[in-house]
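Chemist: This structure is in structure tokens; I'll ask about it shortly.
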Amino acid sequence: STASALDLASTGTINLRGAGSTLRTSGAGVTAAIVNGASVTGNLGNVATTGLGAQGALITASNAVDLTVGTVTTTGVGARGIVVSSGGTSVLNATSVTTAAADAVVVGSIGNSSTTVGTVAIAGDNTRGVAVANGTSTGTGTTLVSATSGMGAVAASSTGTLSATGANSRVVDLNAGGNLTGSFNNVTASGTGTSAIVARSGGTQALTIAGTVAHSGTAAGLAAVDAQSGGALTVTNNGTVSTTGAAINGINARSTAGTVTVAGTGTVTTSGAGATGVFATTGTTGNAVAVTQGAVRTTGAGSTGVLALGTGATSVTLALGSTTGAGARVIDATGGTVAVTTTGPITASGAANGTVREAIFANANTGAAVINTGTVTATSPGVR
């Protein structure tokens with residue numbers, strides 16, 4: 001059996017009353033708290049472990065989990081912070097979680113899941129900051145196995161700062177068989193192959209960015225915010241999203257069977273070659289794609305500020321937009337009908353790179369293309 005400071009097992013409900021207290025362990029493989037019941041409720045308190053593989057808290061319930069946790073700190077390799085596995089619904093509220101080389105928060109539930117954390121920091125390779133899966137989920141070592149078969153909803157939020165510096169890690173990893181909502185303040189990812197926010201849902205999805213999402217790692221094909229849904233998708237950015245690697249987009253918003261909306265007054269910047277600021281698309285004929293942002297700026301060669309692709313009504317609204325890389329467009333919009341509106345200066349100052357690359361390109365397949373702009377400055381033709 002696994003050694004632990006607190007080990008509770010019951011066929012009924014376990015109600016924890018640890019508010020203000022701290023569970024501490026210092027040995028290798030010594031977990032602070034192992035709790036296994038039909039339902040687990042209450043307040044676990046604070047948790048601190050220092051040993052190799054010494055987990056913070058392992059919470060398992062055949063039915064529901066409704067748990068509050070204070071500050072969790074683990075320093076050993078492979079020592080996860082909080083792992084919750086629920087056969088019913090799951091509600092987790094944590095103040096802060098810090099791990100050295102392991103997943104910080106891993107939640108798996110069969111029913112609806114709601115996870116709220118303050119500050120999360122992870123530094124090890126192949127780790128996850130906040131990983132929430134609806135369906136069945138197991139955390140093994142530092143790898144999250146997330147489910148895609150669940151039918152419930154997932155909700156996750158953080159008002160603090162979430163950060164990861166290890167390679168091949170994910171700061172936020174959300175996966176819902178049903179609907180998904182997420183709200184985040186500051187998220188930073190700097191390791192090679194590391195992702196900031198990855199969200200997948202079988203139903204509708206709504207993500208909100210209030211602060212700064214910064215991705216400075218390298219690995220083509222990633223995005224600072226990577227959202228995909230099976231229903232209507234909305235990403236609201238009222239903060240700042242930025243990336244520095246080649247082919248690492250700012251925001252990816254994709255739906256297989258619904259409308260796609262990127263909204264807000266925020267700013268998106270990318271500096272890598274082929275790195276799009278906002279990429280929005282839907283896979284269903286006739287669904288609308290709409291992008292609205294305060295400012296989008298790219299500096300890499302062949303990069304596009306906003307790439308909006310649909311077959312229904314496609315619209316792009318920008319206050320400011322600029323590209324400086326060779327062969328880069330500020331706005332590229334395709335749809336059945338297309339409406340592009342810019343209220344401030346649009347600038348494409350990079351070389352044409354052997355082909356005509358307009359500052360604004362609008363392609364309407366079946367209806368009208370309407371472009372209302374302020375000032376447009378471009379090395380190539382400004383508008384087409």
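Ordering of the structure tokens sets the chain letters (A, B, ...), residue numbers begin anew at 1 in every chain, and ligands are numbered from 1 in the order given.
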Restrict the calculation to only C-alpha atoms, then for each residue of range 60-176 of chain A with any atom at most 10 Å from an atom of range 211-216 of chain A give the closest atom pair and their distance in Å to one decimal, rows by chain and rising residue number, as a tab-separated table.

Modeler:
```
residue	atom	partner	partner_atom	distance
A:Thr159	CA	A:Gly211	CA	9.0
A:Gly160	CA	A:Gly211	CA	9.3
A:Thr161	CA	A:Thr212	CA	9.2
A:Leu162	CA	A:Val213	CA	9.4
A:Ser163	CA	A:Ala214	CA	9.4
A:Ala164	CA	A:His215	CA	9.9
A:Thr165	CA	A:Ser216	CA	9.7
```

Chemist: At what distance in Å, to one decimal, does CA of Ser169 in chain A lie from CA of Ala210 in chain A?

Modeler: 22.2 Å

Chemist: Find the spatial neighbours of Val35 in chain A, counting only C-alpha atoms, within a cut-off of 12 Å - ignore same-chain residues fewer than 5 positions away - and output them as a PDB file with C-alpha atoms, in the first residue's frame.

Modeler:
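Listed below is the output, result08.pdb:
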```pdb
ATOM      1  CA  SER A   4       0.423   8.725   3.411  1.00  0.00           C
ATOM      2  CA  ALA A   5      -0.137  11.259   6.154  1.00  0.00           C
ATOM      3  CA  LEU A   6      -3.925  11.012   5.763  1.00  0.00           C
ATOM      4  CA  ASP A   7      -5.598   7.860   4.448  1.00  0.00           C
ATOM      5  CA  LEU A   8      -9.409   7.705   4.557  1.00  0.00           C
ATOM      6  CA  ALA A   9     -11.686   5.112   2.978  1.00  0.00           C
ATOM      7  CA  SER A  10     -15.451   4.782   3.344  1.00  0.00           C
ATOM      8  CA  THR A  11     -18.435   3.344   1.538  1.00  0.00           C
ATOM      9  CA  GLY A  12     -20.328   6.499   2.483  1.00  0.00           C
ATOM     10  CA  THR A  13     -19.685  10.235   2.306  1.00  0.00           C
ATOM     11  CA  ILE A  14     -16.398  11.633   3.628  1.00  0.00           C
ATOM     12  CA  ASN A  15     -16.627  15.230   4.858  1.00  0.00           C
ATOM     13  CA  LEU A  16     -13.188  16.812   5.339  1.00  0.00           C
ATOM     14  CA  VAL A  40     -15.983  13.455  -0.864  1.00  0.00           C
ATOM     15  CA  THR A  41     -16.875  16.936   0.400  1.00  0.00           C
ATOM     16  CA  GLY A  42     -15.556  19.706   2.643  1.00  0.00           C
ATOM     17  CA  LEU A  44      -8.845  19.462   2.759  1.00  0.00           C
ATOM     18  CA  GLY A  56      -0.167  15.962  -2.813  1.00  0.00           C
ATOM     19  CA  ALA A  57      -3.762  14.730  -2.714  1.00  0.00           C
ATOM     20  CA  LEU A  58      -5.432  11.756  -4.399  1.00  0.00           C
ATOM     21  CA  ILE A  59      -9.222  12.080  -4.203  1.00  0.00           C
ATOM     22  CA  THR A  60     -11.481   9.296  -5.490  1.00  0.00           C
ATOM     23  CA  ALA A  61     -15.273   9.072  -5.271  1.00  0.00           C
ATOM     24  CA  SER A  62     -17.721   6.642  -6.822  1.00  0.00           C
ATOM     25  CA  VAL A  65     -16.735  15.333  -5.325  1.00  0.00           C
ATOM     26  CA  LEU A  67     -13.931  19.870  -2.417  1.00  0.00           C
ATOM     27  CA  ILE A  82      -4.165  17.289  -6.852  1.00  0.00           C
ATOM     28  CA  VAL A  83      -5.732  14.328  -8.647  1.00  0.00           C
ATOM     29  CA  VAL A  84      -9.521  13.958  -8.576  1.00  0.00           C
ATOM     30  CA  SER A  85     -11.428  11.021 -10.038  1.00  0.00           C
ATOM     31  CA  SER A  86     -15.211  11.159  -9.734  1.00  0.00           C
TER      32      SER A  86
END
```

Chemist: Considering only C-alpha atoms, return as a PyMOL selection string whatever protein or nucleic-acid residues lie within 6 Å of range 243-256 of chain A, sequence-local ones (same chain, fewer than 2 positions apart) excluded.

Modeler: chain A and resi 215-216+218+220-230+258+270-283

Chemist: Closest to Gln205 in chain A among A:Gly217, A:Gly76, A:Gly310, A:Gly231, using only C-alpha atoms?

Modeler: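 Of A:Gly217, A:Gly76, A:Gly310, A:Gly231, the one nearest Gln205 in chain A, counting only C-alpha atoms, is A:Gly231.
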